[in-house]
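Undergrad: Take a look at data.txt, compact mmCIF, C-alpha atoms and all ligand atoms:
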```txt
# COMPACT_ATOMS: atom_id res chain seq x y z
CA MET A 762 120.41 114.74 99.67
CA TYR A 763 119.13 114.08 96.15
CA PRO A 764 121.86 114.23 93.49
CA ARG A 765 122.38 117.77 92.26
CA GLU A 766 122.00 116.75 88.59
CA GLU A 767 118.64 115.18 89.41
CA LEU A 768 117.34 118.40 90.97
CA GLU A 769 118.85 120.60 88.28
CA GLY A 770 117.18 118.50 85.60
CA ARG A 771 113.80 119.03 87.27
CA ILE A 772 114.37 122.79 87.62
CA LYS A 773 115.38 122.92 83.97
CA ARG A 774 112.15 121.22 82.88
CA LEU A 775 110.09 123.60 85.00
CA ARG A 776 111.93 126.56 83.46
CA ARG A 777 111.26 125.30 79.93
CA TRP A 778 107.57 125.32 80.77
CA MET A 779 107.88 128.80 82.37
CA SER A 780 109.67 130.18 79.38
CA ARG A 781 107.00 128.88 76.97
CA ARG A 782 104.36 130.69 79.01
CA ASP A 783 106.36 133.83 79.62
CA ILE A 784 106.44 133.22 83.38
CA ASP A 785 109.30 134.92 85.23
CA LEU A 786 108.88 133.34 88.64
CA SER A 787 107.49 130.13 90.14
CA LEU A 788 106.67 129.91 93.85
CA LEU A 789 106.02 126.61 95.59
CA LYS A 790 104.72 125.95 99.09
CA CYS A 791 103.35 122.42 98.79
CA PRO A 792 105.88 120.25 100.71
CA SER A 793 106.07 117.50 98.09
CA ASN A 794 106.59 120.05 95.30
CA MET A 795 109.41 121.70 97.28
CA LEU A 796 110.93 118.31 97.98
CA TYR A 797 110.71 117.33 94.31
CA LEU A 798 112.44 120.48 93.06
CA SER A 799 114.85 121.31 95.89
CA GLY A 800 115.46 118.14 97.95
CA SER A 801 113.80 119.58 101.06
CA LYS A 802 110.23 119.96 102.21
CA GLU A 803 111.13 121.64 105.49
CA ALA A 804 111.28 125.17 104.05
CA ARG A 805 108.34 127.59 103.89
CA LEU A 806 108.74 128.48 100.24
CA LEU A 807 110.75 127.67 97.13
CA ALA A 808 111.31 130.40 94.56
CA VAL A 809 112.35 129.44 91.03
CA PRO A 810 113.07 132.55 88.94
CA LEU A 811 113.39 132.03 85.20
CA ASP A 812 116.72 133.85 84.95
CA ASP A 813 118.22 133.57 88.41
CA GLU A 814 119.23 130.93 90.96
CA PRO A 815 116.44 129.06 92.78
CA PHE A 816 116.32 129.66 96.54
CA LEU A 817 114.36 128.50 99.56
CA VAL A 818 112.95 130.55 102.39
CA ALA A 819 113.12 128.87 105.80
CA ARG A 820 112.30 130.06 109.28
CA TYR A 821 115.05 130.54 111.83
CA ALA A 822 115.21 127.58 114.26
CA PHE A 823 112.30 125.86 112.53
CA GLY A 824 114.24 123.62 110.21
CA ASP A 825 116.52 126.16 108.55
CA GLU A 826 119.59 124.03 109.30
CA ILE A 827 117.96 120.84 108.06
CA VAL A 828 116.95 122.56 104.83
CA ARG A 829 120.56 123.57 104.27
CA GLU A 830 121.66 119.95 104.72
CA GLN A 831 119.09 118.74 102.21
CA THR A 832 119.34 121.20 99.34
CA PRO A 833 122.17 122.41 97.14
CA PHE A 834 120.28 125.72 96.65
CA HIS A 835 120.61 128.96 98.62
CA VAL A 836 118.51 129.21 101.79
CA GLU A 837 117.19 132.59 102.87
CA VAL A 838 116.32 132.63 106.58
CA ILE A 839 113.54 134.73 108.09
CA LYS A 840 113.67 135.45 111.83
CA PRO A 841 110.76 137.09 113.61
CA HIS A 842 111.37 139.36 116.58
CA TYR A 843 108.56 139.74 119.11
CA GLY A 844 109.95 142.21 121.66
CA VAL A 845 107.90 142.84 124.78
CA SER A 846 105.11 145.02 123.39
CA SER A 847 102.89 144.82 120.32
CA LYS A 848 104.78 147.78 118.83
CA GLU A 849 107.94 145.71 118.78
CA VAL A 850 106.49 142.78 116.86
CA TYR A 851 108.36 142.09 113.63
CA ASP A 852 106.88 139.08 111.83
CA PRO A 853 108.24 138.67 108.30
CA LYS A 854 106.36 136.55 105.77
CA PRO A 855 108.09 133.91 103.64
CA LEU A 856 107.14 135.98 100.59
CA ASP A 857 109.05 139.06 101.85
CA PRO A 858 112.54 138.00 100.75
CA VAL A 859 111.10 136.98 97.39
CA ALA A 860 109.48 140.39 96.92
CA GLU A 861 112.79 142.03 97.76
CA ARG A 862 114.67 140.17 95.06
CA HIS A 863 112.02 139.63 92.41
CA GLY A 864 109.37 142.28 93.05
CA ASP A 865 109.46 143.17 89.37
CA ALA A 866 108.10 139.76 88.28
CA LYS A 867 105.15 140.22 85.93
CA ARG A 868 103.85 136.67 85.60
CA ILE A 869 104.11 134.41 88.62
CA ALA A 870 103.14 130.72 88.75
CA VAL A 871 102.21 129.42 92.21
CA ASP A 872 100.96 126.16 93.71
CA PHE A 873 98.82 127.95 96.33
CA THR A 874 96.15 129.67 94.22
CA SER A 875 93.52 129.02 96.89
CA GLU A 876 95.38 131.00 99.58
CA GLU A 877 93.70 134.37 99.29
CA ASP A 878 96.01 136.26 101.66
CA ASN A 879 99.11 135.19 99.79
CA ILE A 880 97.57 135.96 96.40
CA LYS A 881 96.58 139.46 97.59
CA TYR A 882 100.09 139.95 98.89
CA LEU A 883 101.57 138.91 95.55
CA ARG A 884 99.32 141.29 93.61
CA LYS A 885 100.24 144.14 95.93
CA LYS A 886 103.96 143.65 96.40
CA PHE A 887 105.00 142.50 92.97
CA ARG A 888 105.37 144.88 89.99
CA ARG A 889 105.45 147.69 92.52
CA GLY A 890 103.04 150.55 91.91
CA LYS A 891 101.57 149.13 88.70
CA LYS A 892 98.53 146.94 88.29
CA GLY A 893 100.08 143.91 89.94
CA ALA A 894 101.51 140.63 88.72
CA ALA A 895 99.47 138.01 86.89
CA ILE A 896 99.11 134.90 89.03
CA LEU A 897 98.96 131.50 87.32
CA ASP A 898 98.68 127.94 88.58
CA VAL A 899 101.87 125.86 88.38
CA THR A 900 100.19 122.75 89.81
CA PRO A 901 99.17 121.04 86.54
CA GLN A 902 102.75 121.24 85.29
CA LEU A 903 104.19 119.82 88.54
CA VAL A 904 101.60 117.05 88.49
CA ARG A 905 102.63 116.04 84.97
CA MET A 906 106.37 116.28 85.69
CA ARG A 907 106.09 114.25 88.86
CA SER A 908 104.02 111.49 87.26
CA VAL A 909 106.84 110.18 85.05
CA LYS A 910 109.70 108.98 87.21
CA SER A 911 113.45 109.05 86.53
CA GLU A 912 115.53 105.89 86.98
CA TYR A 913 116.77 107.41 90.25
CA GLU A 914 113.23 107.93 91.51
CA ILE A 915 112.26 104.38 90.54
CA SER A 916 115.27 103.07 92.49
CA LEU A 917 114.02 104.89 95.60
CA ILE A 918 110.46 103.59 95.17
CA ARG A 919 111.91 100.10 94.69
CA GLU A 920 113.86 100.47 97.95
CA SER A 921 110.74 101.72 99.70
CA ALA A 922 108.89 98.61 98.48
CA GLU A 923 111.77 96.36 99.61
CA ILE A 924 111.62 97.87 103.10
CA ALA A 925 107.86 97.32 103.36
CA MET A 926 108.14 93.75 102.07
CA GLY A 927 111.00 93.04 104.48
CA ALA A 928 108.93 94.43 107.35
CA PHE A 929 106.09 92.14 106.37
CA GLU A 930 108.41 89.11 106.16
CA GLN A 931 109.60 89.75 109.74
CA LEU A 932 106.09 90.01 111.09
CA GLU A 933 104.67 87.20 113.20
CA ILE A 934 100.92 87.31 113.38
CA GLU A 935 99.01 85.30 115.96
CA VAL A 936 95.36 84.77 116.66
CA GLY A 937 94.41 87.14 119.51
CA MET A 938 96.41 90.13 118.25
CA THR A 939 94.52 93.36 117.67
CA GLU A 940 94.50 95.41 114.47
CA ARG A 941 96.45 98.09 116.34
CA GLU A 942 99.11 95.64 117.54
CA ILE A 943 99.66 94.21 114.08
CA ALA A 944 99.90 97.72 112.57
CA ASN A 945 102.31 98.88 115.29
CA ARG A 946 104.65 95.95 114.69
CA LEU A 947 104.58 96.37 110.95
CA ASP A 948 105.30 100.11 111.29
CA PHE A 949 108.11 99.42 113.76
CA ASN A 950 109.68 96.91 111.36
CA MET A 951 109.51 99.38 108.49
CA ARG A 952 111.30 102.04 110.54
CA GLU A 953 113.89 99.51 111.71
CA LEU A 954 114.62 98.68 108.09
CA GLY A 955 115.24 102.31 107.19
CA ALA A 956 111.86 103.85 106.45
CA GLU A 957 111.33 107.47 107.49
CA GLY A 958 107.73 106.63 108.10
CA THR A 959 104.70 105.02 106.53
CA SER A 960 103.07 106.11 103.26
CA PHE A 961 99.73 106.42 105.13
CA PRO A 962 98.34 105.09 108.42
CA THR A 963 98.74 101.32 108.03
CA ILE A 964 95.43 99.58 107.39
CA ILE A 965 94.90 96.33 109.26
CA ALA A 966 91.29 95.23 108.90
CA ILE A 967 89.97 92.11 110.57
CA GLY A 968 86.78 90.32 109.52
CA SER A 969 83.93 92.60 108.43
CA HIS A 970 86.16 95.67 108.93
CA SER A 971 87.75 94.74 105.59
CA PHE A 972 84.55 96.05 103.95
CA ASN A 973 85.85 99.55 104.76
CA ALA A 974 88.39 100.32 102.04
CA HIS A 975 90.15 102.97 104.17
CA HIS A 976 89.74 101.33 107.56
CA VAL A 977 91.39 102.90 110.61
CA VAL A 978 92.77 100.33 113.07
CA THR A 979 90.77 99.39 116.16
CA ASP A 980 91.27 96.99 119.05
CA ARG A 981 89.37 94.20 117.30
CA ARG A 982 91.21 90.90 117.80
CA LEU A 983 92.12 88.37 115.16
CA SER A 984 90.41 85.01 115.54
CA GLU A 985 90.10 81.79 113.59
CA ASP A 986 87.88 82.13 110.52
CA ASP A 987 88.69 85.79 109.96
CA ILE A 988 89.63 87.77 106.89
CA LEU A 989 92.81 89.78 107.49
CA LEU A 990 93.39 92.66 105.07
CA MET A 991 96.72 94.48 105.29
CA ASP A 992 97.39 97.66 103.28
CA PHE A 993 100.68 99.39 103.95
CA GLY A 994 103.71 101.13 102.51
CA ALA A 995 107.00 102.67 103.55
CA VAL A 996 108.54 106.07 102.83
CA TYR A 997 112.18 106.03 101.78
CA LYS A 998 113.98 109.30 100.93
CA GLY A 999 110.58 110.85 100.46
CA TYR A 1000 109.23 108.17 98.11
CA CYS A 1001 106.25 105.96 98.90
CA SER A 1002 105.29 102.37 98.19
CA ASP A 1003 101.82 100.89 98.53
CA MET A 1004 100.74 97.24 98.75
CA THR A 1005 97.80 95.22 99.99
CA ARG A 1006 97.32 91.56 100.75
CA THR A 1007 94.21 89.79 102.00
CA PHE A 1008 94.56 86.58 103.99
CA TYR A 1009 92.21 84.10 105.55
CA ILE A 1010 92.90 82.70 109.01
CA GLY A 1011 91.82 79.06 109.23
CA LYS A 1012 89.92 77.13 106.64
CA PRO A 1013 88.32 79.57 104.18
CA PRO A 1014 84.70 79.14 103.06
CA SER A 1015 84.28 78.53 99.35
CA LYS A 1016 82.77 82.03 98.93
CA PHE A 1017 86.05 83.56 100.06
CA ILE A 1018 88.11 81.44 97.68
CA GLU A 1019 85.79 82.21 94.74
CA ARG A 1020 85.84 85.94 95.37
CA TYR A 1021 89.57 85.98 96.04
CA GLU A 1022 90.28 84.29 92.75
CA VAL A 1023 88.19 86.84 90.87
CA VAL A 1024 90.11 89.75 92.42
CA LEU A 1025 93.45 88.07 91.77
CA LYS A 1026 92.53 87.39 88.15
CA ALA A 1027 91.38 91.00 87.68
CA GLN A 1028 94.62 92.25 89.19
CA SER A 1029 96.86 90.17 86.96
CA ARG A 1030 94.73 90.94 83.87
CA ALA A 1031 95.11 94.67 84.57
CA LEU A 1032 98.89 94.35 85.00
CA GLY A 1033 99.29 93.40 81.33
CA TYR A 1034 97.60 96.67 80.34
CA ILE A 1035 99.71 98.94 82.55
CA LYS A 1036 101.68 99.73 79.46
CA ASP A 1037 103.26 102.74 77.78
CA GLY A 1038 100.86 104.47 75.37
CA LEU A 1039 97.63 102.79 76.47
CA ALA A 1040 94.67 104.81 77.69
CA ILE A 1041 94.81 105.51 81.42
CA GLU A 1042 91.35 103.93 81.82
CA LYS A 1043 92.28 100.72 79.97
CA PRO A 1044 93.72 98.64 82.87
CA ASP A 1045 90.67 99.43 85.02
CA ILE A 1046 88.32 98.52 82.18
CA GLU A 1047 90.07 95.15 81.80
CA ALA A 1048 89.88 94.48 85.55
CA ARG A 1049 86.20 95.49 85.52
CA LYS A 1050 85.43 93.00 82.74
CA VAL A 1051 86.81 90.14 84.87
CA ILE A 1052 84.85 91.26 87.92
CA LYS A 1053 81.68 91.79 85.89
CA GLU A 1054 81.89 88.27 84.44
CA ALA A 1055 81.86 86.95 88.01
CA GLY A 1056 78.79 89.05 88.83
CA LEU A 1057 80.66 91.15 91.40
CA LEU A 1058 80.92 94.48 89.56
CA ASP A 1059 78.60 96.29 92.00
CA HIS A 1060 81.06 95.39 94.73
CA TYR A 1061 84.09 96.92 92.98
CA VAL A 1062 83.59 100.39 94.37
CA HIS A 1063 86.76 102.28 93.40
CA GLY A 1064 89.20 102.68 90.54
CA LEU A 1065 92.04 100.29 89.81
CA GLY A 1066 94.77 102.51 91.17
CA HIS A 1067 96.64 105.78 91.45
CA GLY A 1068 100.03 107.28 90.79
CA ILE A 1069 102.65 106.77 93.51
CA GLY A 1070 105.69 108.93 94.21
CA LEU A 1071 106.49 111.59 96.79
CA ASP A 1072 102.77 111.44 97.60
CA VAL A 1073 101.09 108.08 97.96
CA HIS A 1074 98.16 109.29 95.87
CA GLU A 1075 99.17 111.29 92.84
CA TYR A 1076 98.35 111.60 89.16
CA PRO A 1077 97.17 109.57 87.28
CA SER A 1078 94.03 108.02 88.67
CA LEU A 1079 93.56 104.67 86.88
CA ARG A 1080 89.81 104.56 86.55
CA VAL A 1081 87.33 104.08 83.76
CA GLY A 1082 86.34 107.48 82.38
CA LYS A 1083 89.66 109.20 83.10
CA PRO A 1084 91.32 110.81 80.07
CA GLY A 1085 94.96 110.60 78.99
CA HIS A 1086 97.56 107.96 78.32
CA LEU A 1087 99.99 105.94 80.37
CA GLU A 1088 103.65 106.78 79.92
CA GLN A 1089 106.67 104.60 80.50
CA ASN A 1090 108.09 105.01 84.04
CA MET A 1091 104.93 106.27 85.61
CA VAL A 1092 104.54 104.38 88.89
CA VAL A 1093 100.99 103.34 89.77
CA SER A 1094 99.08 100.95 91.98
CA ASP A 1095 97.17 97.94 90.65
CA GLU A 1096 94.55 97.29 93.32
CA PRO A 1097 91.14 95.94 92.38
CA GLY A 1098 88.88 94.89 95.25
CA VAL A 1099 85.40 93.66 96.10
CA TYR A 1100 83.54 94.82 99.20
CA ILE A 1101 80.45 93.11 100.53
CA ARG A 1102 78.61 94.75 103.40
CA GLY A 1103 78.38 92.59 106.52
CA TRP A 1104 80.85 90.09 105.09
CA GLY A 1105 84.07 91.91 104.30
CA GLY A 1106 86.39 92.93 101.50
CA ILE A 1107 89.18 91.50 99.41
CA ARG A 1108 91.81 93.76 97.85
CA ILE A 1109 95.15 92.83 96.30
CA GLU A 1110 97.56 95.63 95.50
CA ASP A 1111 100.99 96.03 93.99
CA THR A 1112 103.14 99.05 93.22
CA VAL A 1113 103.83 98.86 89.50
CA VAL A 1114 106.12 100.62 87.01
CA VAL A 1115 104.50 101.34 83.62
CA GLY A 1116 106.65 99.42 81.13
CA LYS A 1117 106.98 99.01 77.36
CA SER A 1118 105.11 95.70 77.32
CA GLY A 1119 103.15 95.74 80.57
CA GLY A 1120 103.46 96.61 84.22
CA ILE A 1121 106.51 95.67 86.29
CA SER A 1122 105.55 94.92 89.88
CA LEU A 1123 107.90 96.12 92.62
CA THR A 1124 105.98 94.34 95.38
CA ASN A 1125 105.66 90.75 94.18
CA LYS A 1126 107.83 89.22 96.91
CA ILE A 1127 104.82 88.96 99.21
CA SER A 1128 102.82 85.84 98.46
CA LYS A 1129 99.33 86.18 97.04
CA ASP A 1130 98.30 82.82 98.48
CA PRO A 1131 95.61 83.93 100.96
CA LEU A 1132 96.46 80.99 103.21
CA ALA A 1133 100.20 81.63 103.23
CA LEU A 1134 100.34 83.90 106.25
CA ARG A 1135 103.26 82.99 108.50
CA ARG A 1136 102.02 82.42 112.05
MN MN A 1201 96.84 102.24 97.09
```
Represent the structure of the file as structure tokens.
Ligand SMILES: [Mn+2]
TA:
Amino acid sequence: MYPREELEGRIKRLRRWMSRRDIDLSLLKCPSNMLYLSGSKEARLLAVPLDDEPFLVARYAFGDEIVREQTPFHVEVIKPHYGVSSKEVYDPKPLDPVAERHGDAKRIAVDFTSEEDNIKYLRKKFRRGKKGAAILDVTPQLVRMRSVKSEYEISLIRESAEIAMGAFEQLEIEVGMTEREIANRLDFNMRELGAEGTSFPTIIAIGSHSFNAHHVVTDRRLSEDDILLMDFGAVYKGYCSDMTRTFYIGKPPSKFIERYEVVLKAQSRALGYIKDGLAIEKPDIEARKVIKEAGLLDHYVHGLGHGIGLDVHEYPSLRVGKPGHLEQNMVVSDEPGVYIRGWGGIRIEDTVVVGKSGGISLTNKISKDPLALRR
């Protein structure tokens, strides 16, 4: 369970925002938002009234006990009853207990504005008999809150990175193994070391498959003279890490070494600009300059990185053209890459904390020597 003070601090910040906008109730269904504010993502709904205790709605026998173990807040349980004929069907909605307690709410902020049925329900059931509650979007506020991490959150992301790095250290890769086998072993190691799961399906890309930035593993086997790109991360207490290394098996051609050095230089240049107060686009621009100088800019086909937290891809997106500024204790990825069709790709990625004088990498225990793979 997350520390109570941690959760209460988050609820308090949300309520300050609600109060400024005259919102009497926030409703959250997105699992990572519920987890962030309540400590559990297993419920169906989290209600945060401005002037009353927050509570979760969970479904009987579908996680209601787990939710109670994970959150310090009250858990309201809904239990359907199906009977033996259609007349006997009683199927309560997660919003029902909320309507019962807070049906007089006039302005409601929700993170599910695109769910028409639920929005209709809210308009009908809330502010009974009158014109219906105003529905606002709480998502932008949650996105901003979640982007700047507390020391506690950073400690969990650090642990998640340690687990993934430990899993990598224990991995023995041999020529002849398939992408799937390598991914399975890495995933197994992460779970053995305490991960709840992986941040995303582990990417193991052999040879020309490394051209595909989001490759899905296949049964292609590793051979001599292959690129091996590995992109992976663990989840620990809900928090993700994200790292990529690209290796060469055997004696690398000079083209590989040249391109690798460009990506590595771009990555370390960008790190110095992952700094409190700088424009969000600045680190990517600096990485792009390095890659442009080497004539490879057309092959750098994505942004430098993304926020990392309860979701592996969250705000901010570190790409040229994106507005806003970096803030201390945001956690982001630094992952430039070049992708050449028919040849392959090179990407190097670290999970980085935005610091006062530059980025602080949480994933630098894995060597960036592309020939250093333990076999
Ligand atoms: Mn990433």
Undergrad: Could you give me, as a tab-separated table, every stretch 845-959 of chain A residue with an atom at most 6 Å from stretch 785-790 of chain A, plus its closest atom pair and distance in Å to one decimal, counting all atoms listed in the file, rows ordered by chain then number?
TA:
```
residue	atom	partner	partner_atom	distance
A:Ala866	CA	A:Asp785	CA	5.8
A:Arg868	CA	A:Asp785	CA	5.7
A:Ile869	CA	A:Leu786	CA	4.9
A:Ala870	CA	A:Ser787	CA	4.6
A:Val871	CA	A:Leu788	CA	4.8
A:Asp872	CA	A:Leu789	CA	5.4
```
Undergrad: With only C-alpha atoms as the atoms that count, which of A:Val1092, A:Val838, A:Leu1057, A:Ala1133 lies nearest to A:Ile1069?
TA: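 Of all the options, A:Val1092 lies closest to A:Ile1069.
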Undergrad: Just to confirm, what's the straight-line distance from atom CA of A:Lys1117 to atom CA of A:Asp1037 in Å (one decimal)?
TA: 5.3 Å
Undergrad: How would you report the residues lying within 8 Å of ligand MN 1201 (chain A), as JSON, numbers by chain, if you count all atoms listed in the file?
TA: {"A": [992, 1003, 1004, 1005, 1066, 1067, 1073, 1074, 1094, 1095, 1096, 1110]}
Undergrad: Mind listing whatever residues come within 12 Å of the point (113.0, 127.0, 112.1)? Use only C-alpha atoms, file coordinates, and give them as a PyMOL selection string.
TA: chain A and resi 803-805+818-829+836-841+855
Undergrad: Work out how far apart atom CA of A:Gly864 and atom CA of A:Phe887 are and give it in Å to one decimal.
TA: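 Going from atom CA of A:Gly864 over to atom CA of A:Phe887, I get 4.4 Å.
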Undergrad: Looking at all atoms listed in the file, which of A:Asp1130, A:Glu940, A:Glu861, A:Glu767 is the one that sits closest to A:Ser911?
TA: A:Glu767
Undergrad: Report as JSON, numbers by chain all protein, DNA and RNA residues lying within 8 Å of A:Glu1047, evaluated on all atoms listed in the file, omitting residues in the same chain fewer than 4 positions from it.
TA: {"A": [1027, 1030, 1031, 1034, 1043, 1051]}
Undergrad: Counting all atoms listed in the file, what is within 7 Å of stretch 1098-1101 of chain A, bar same-chain residues fewer than 6 positions away, as an MDAnalysis selection string?
TA: chainID A and resid 972 1024 1060:1061 1107:1109
Undergrad: Using only C-alpha atoms, can you list as number ranges by chain the residues within 12 Å of (101.3, 98.2, 114.1)?
TA: A: 928-929, 932-934, 938-952, 959, 962-966, 977-980, 991-993
Undergrad: Tell me, as a PyMOL selection string, which residues lie within 10 Å of A:Gly800, counting only C-alpha atoms; anything in the same chain fewer than 4 positions away does not count.
TA: chain A and resi 762-765+767-768+793-796+828-834+998-999
Undergrad: Tell me, in Å to one decimal, how far atom CA of A:Lys881 is from atom CA of A:Ser799.
TA: 25.8 Å
Undergrad: In terms of the shortest atom-to-atom distance over only C-alpha atoms, which of A:Val1081, A:Ala922, A:Leu798, A:Leu917 is closest to A:Ala1040?
TA: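 With only C-alpha atoms as the atom set, the closest residue is A:Val1081.
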Undergrad: Counting only C-alpha atoms, which of A:Ser846, A:Ser984, A:Ser1118, A:Ser1002 gets nearest to A:Val1093?
TA: A:Ser1002
Undergrad: Using only C-alpha atoms, pick whichever of A:Met779, A:Leu1132, A:Val1113, A:Leu1071 has the shortest atom-to-atom distance to A:Asp986.
TA: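 Smallest separation from A:Asp986 among the options: A:Leu1132.
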Undergrad: Using only C-alpha atoms, pick whichever of A:Tyr913, A:Tyr1009, A:Tyr1000, A:Tyr1076 has the shortest atom-to-atom distance to A:Glu766.
TA: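 Checking each candidate against A:Glu766, we get A:Tyr913 as the closest.
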Undergrad: Tell me, as a PyMOL selection string, which residues lie within 8 Å of A:His970, counting only C-alpha atoms; anything in the same chain fewer than 6 positions away does not count.
TA: chain A and resi 976+1105-1106
Undergrad: Emit a file covering stretch 842-910 of chain A of the preceding structure with C-alpha atoms, as a PDB file, in the first residue's frame.
TA:
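So the final result, stored in result_38.pdb, reads:
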```pdb
ATOM      1  CA  HIS A 842     -28.138 -10.343  -8.689  1.00  0.00           C
ATOM      2  CA  TYR A 843     -29.240 -12.229 -11.794  1.00  0.00           C
ATOM      3  CA  GLY A 844     -32.038 -14.495 -10.543  1.00  0.00           C
ATOM      4  CA  VAL A 845     -33.441 -17.042 -12.968  1.00  0.00           C
ATOM      5  CA  SER A 846     -35.524 -14.811 -15.238  1.00  0.00           C
ATOM      6  CA  SER A 847     -34.909 -11.492 -16.965  1.00  0.00           C
ATOM      7  CA  LYS A 848     -37.346  -9.840 -14.539  1.00  0.00           C
ATOM      8  CA  GLU A 849     -35.056 -10.722 -11.669  1.00  0.00           C
ATOM      9  CA  VAL A 850     -31.929  -9.136 -13.125  1.00  0.00           C
ATOM     10  CA  TYR A 851     -30.469  -6.470 -10.869  1.00  0.00           C
ATOM     11  CA  ASP A 852     -27.298  -5.011 -12.381  1.00  0.00           C
ATOM     12  CA  PRO A 853     -26.082  -1.903 -10.547  1.00  0.00           C
ATOM     13  CA  LYS A 854     -23.666   0.491 -12.239  1.00  0.00           C
ATOM     14  CA  PRO A 855     -20.526   1.768 -10.517  1.00  0.00           C
ATOM     15  CA  LEU A 856     -22.028   5.266 -10.728  1.00  0.00           C
ATOM     16  CA  ASP A 857     -25.124   4.264  -8.703  1.00  0.00           C
ATOM     17  CA  PRO A 858     -23.585   4.528  -5.226  1.00  0.00           C
ATOM     18  CA  VAL A 859     -22.047   7.848  -6.235  1.00  0.00           C
ATOM     19  CA  ALA A 860     -25.418   9.203  -7.364  1.00  0.00           C
ATOM     20  CA  GLU A 861     -26.910   8.106  -4.055  1.00  0.00           C
ATOM     21  CA  ARG A 862     -24.403  10.052  -1.999  1.00  0.00           C
ATOM     22  CA  HIS A 863     -23.571  12.985  -4.257  1.00  0.00           C
ATOM     23  CA  GLY A 864     -26.509  13.311  -6.646  1.00  0.00           C
ATOM     24  CA  ASP A 865     -26.639  17.020  -5.886  1.00  0.00           C
ATOM     25  CA  ALA A 866     -23.211  17.694  -7.442  1.00  0.00           C
ATOM     26  CA  LYS A 867     -23.436  20.566  -9.919  1.00  0.00           C
ATOM     27  CA  ARG A 868     -20.013  20.469 -11.546  1.00  0.00           C
ATOM     28  CA  ILE A 869     -18.374  17.093 -12.015  1.00  0.00           C
ATOM     29  CA  ALA A 870     -14.880  16.471 -13.410  1.00  0.00           C
ATOM     30  CA  VAL A 871     -14.370  13.055 -15.013  1.00  0.00           C
ATOM     31  CA  ASP A 872     -11.586  11.230 -16.848  1.00  0.00           C
ATOM     32  CA  PHE A 873     -14.028   9.396 -19.153  1.00  0.00           C
ATOM     33  CA  THR A 874     -15.507  12.209 -21.245  1.00  0.00           C
ATOM     34  CA  SER A 875     -15.621   9.971 -24.318  1.00  0.00           C
ATOM     35  CA  GLU A 876     -17.929   7.402 -22.679  1.00  0.00           C
ATOM     36  CA  GLU A 877     -21.310   8.579 -23.904  1.00  0.00           C
ATOM     37  CA  ASP A 878     -23.425   6.227 -21.789  1.00  0.00           C
ATOM     38  CA  ASN A 879     -21.758   7.299 -18.580  1.00  0.00           C
ATOM     39  CA  ILE A 880     -21.970  10.986 -19.471  1.00  0.00           C
ATOM     40  CA  LYS A 881     -25.703  10.638 -20.227  1.00  0.00           C
ATOM     41  CA  TYR A 882     -26.146   8.860 -16.928  1.00  0.00           C
ATOM     42  CA  LEU A 883     -24.349  11.645 -15.077  1.00  0.00           C
ATOM     43  CA  ARG A 884     -26.482  14.348 -16.709  1.00  0.00           C
ATOM     44  CA  LYS A 885     -29.646  12.452 -15.843  1.00  0.00           C
ATOM     45  CA  LYS A 886     -28.954  11.262 -12.321  1.00  0.00           C
ATOM     46  CA  PHE A 887     -27.071  14.190 -10.894  1.00  0.00           C
ATOM     47  CA  ARG A 888     -28.774  17.436  -9.796  1.00  0.00           C
ATOM     48  CA  ARG A 889     -32.010  15.490  -9.788  1.00  0.00           C
ATOM     49  CA  GLY A 890     -34.886  17.013 -11.739  1.00  0.00           C
ATOM     50  CA  LYS A 891     -32.987  20.123 -12.842  1.00  0.00           C
ATOM     51  CA  LYS A 892     -31.012  20.659 -16.011  1.00  0.00           C
ATOM     52  CA  GLY A 893     -28.253  18.238 -15.087  1.00  0.00           C
ATOM     53  CA  ALA A 894     -24.691  18.573 -13.875  1.00  0.00           C
ATOM     54  CA  ALA A 895     -21.939  20.236 -15.890  1.00  0.00           C
ATOM     55  CA  ILE A 896     -19.350  17.664 -16.934  1.00  0.00           C
ATOM     56  CA  LEU A 897     -15.703  18.726 -17.198  1.00  0.00           C
ATOM     57  CA  ASP A 898     -12.498  16.916 -18.082  1.00  0.00           C
ATOM     58  CA  VAL A 899     -10.169  16.179 -15.158  1.00  0.00           C
ATOM     59  CA  THR A 900      -7.552  14.519 -17.380  1.00  0.00           C
ATOM     60  CA  PRO A 901      -5.318  17.561 -18.073  1.00  0.00           C
ATOM     61  CA  GLN A 902      -4.972  18.173 -14.336  1.00  0.00           C
ATOM     62  CA  LEU A 903      -4.107  14.522 -13.595  1.00  0.00           C
ATOM     63  CA  VAL A 904      -1.601  14.518 -16.444  1.00  0.00           C
ATOM     64  CA  ARG A 905       0.163  17.564 -15.001  1.00  0.00           C
ATOM     65  CA  MET A 906       0.093  16.264 -11.421  1.00  0.00           C
ATOM     66  CA  ARG A 907       1.428  12.873 -12.415  1.00  0.00           C
ATOM     67  CA  SER A 908       4.267  14.282 -14.522  1.00  0.00           C
ATOM     68  CA  VAL A 909       6.217  15.690 -11.553  1.00  0.00           C
ATOM     69  CA  LYS A 910       7.201  12.882  -9.222  1.00  0.00           C
TER      70      LYS A 910
END
```
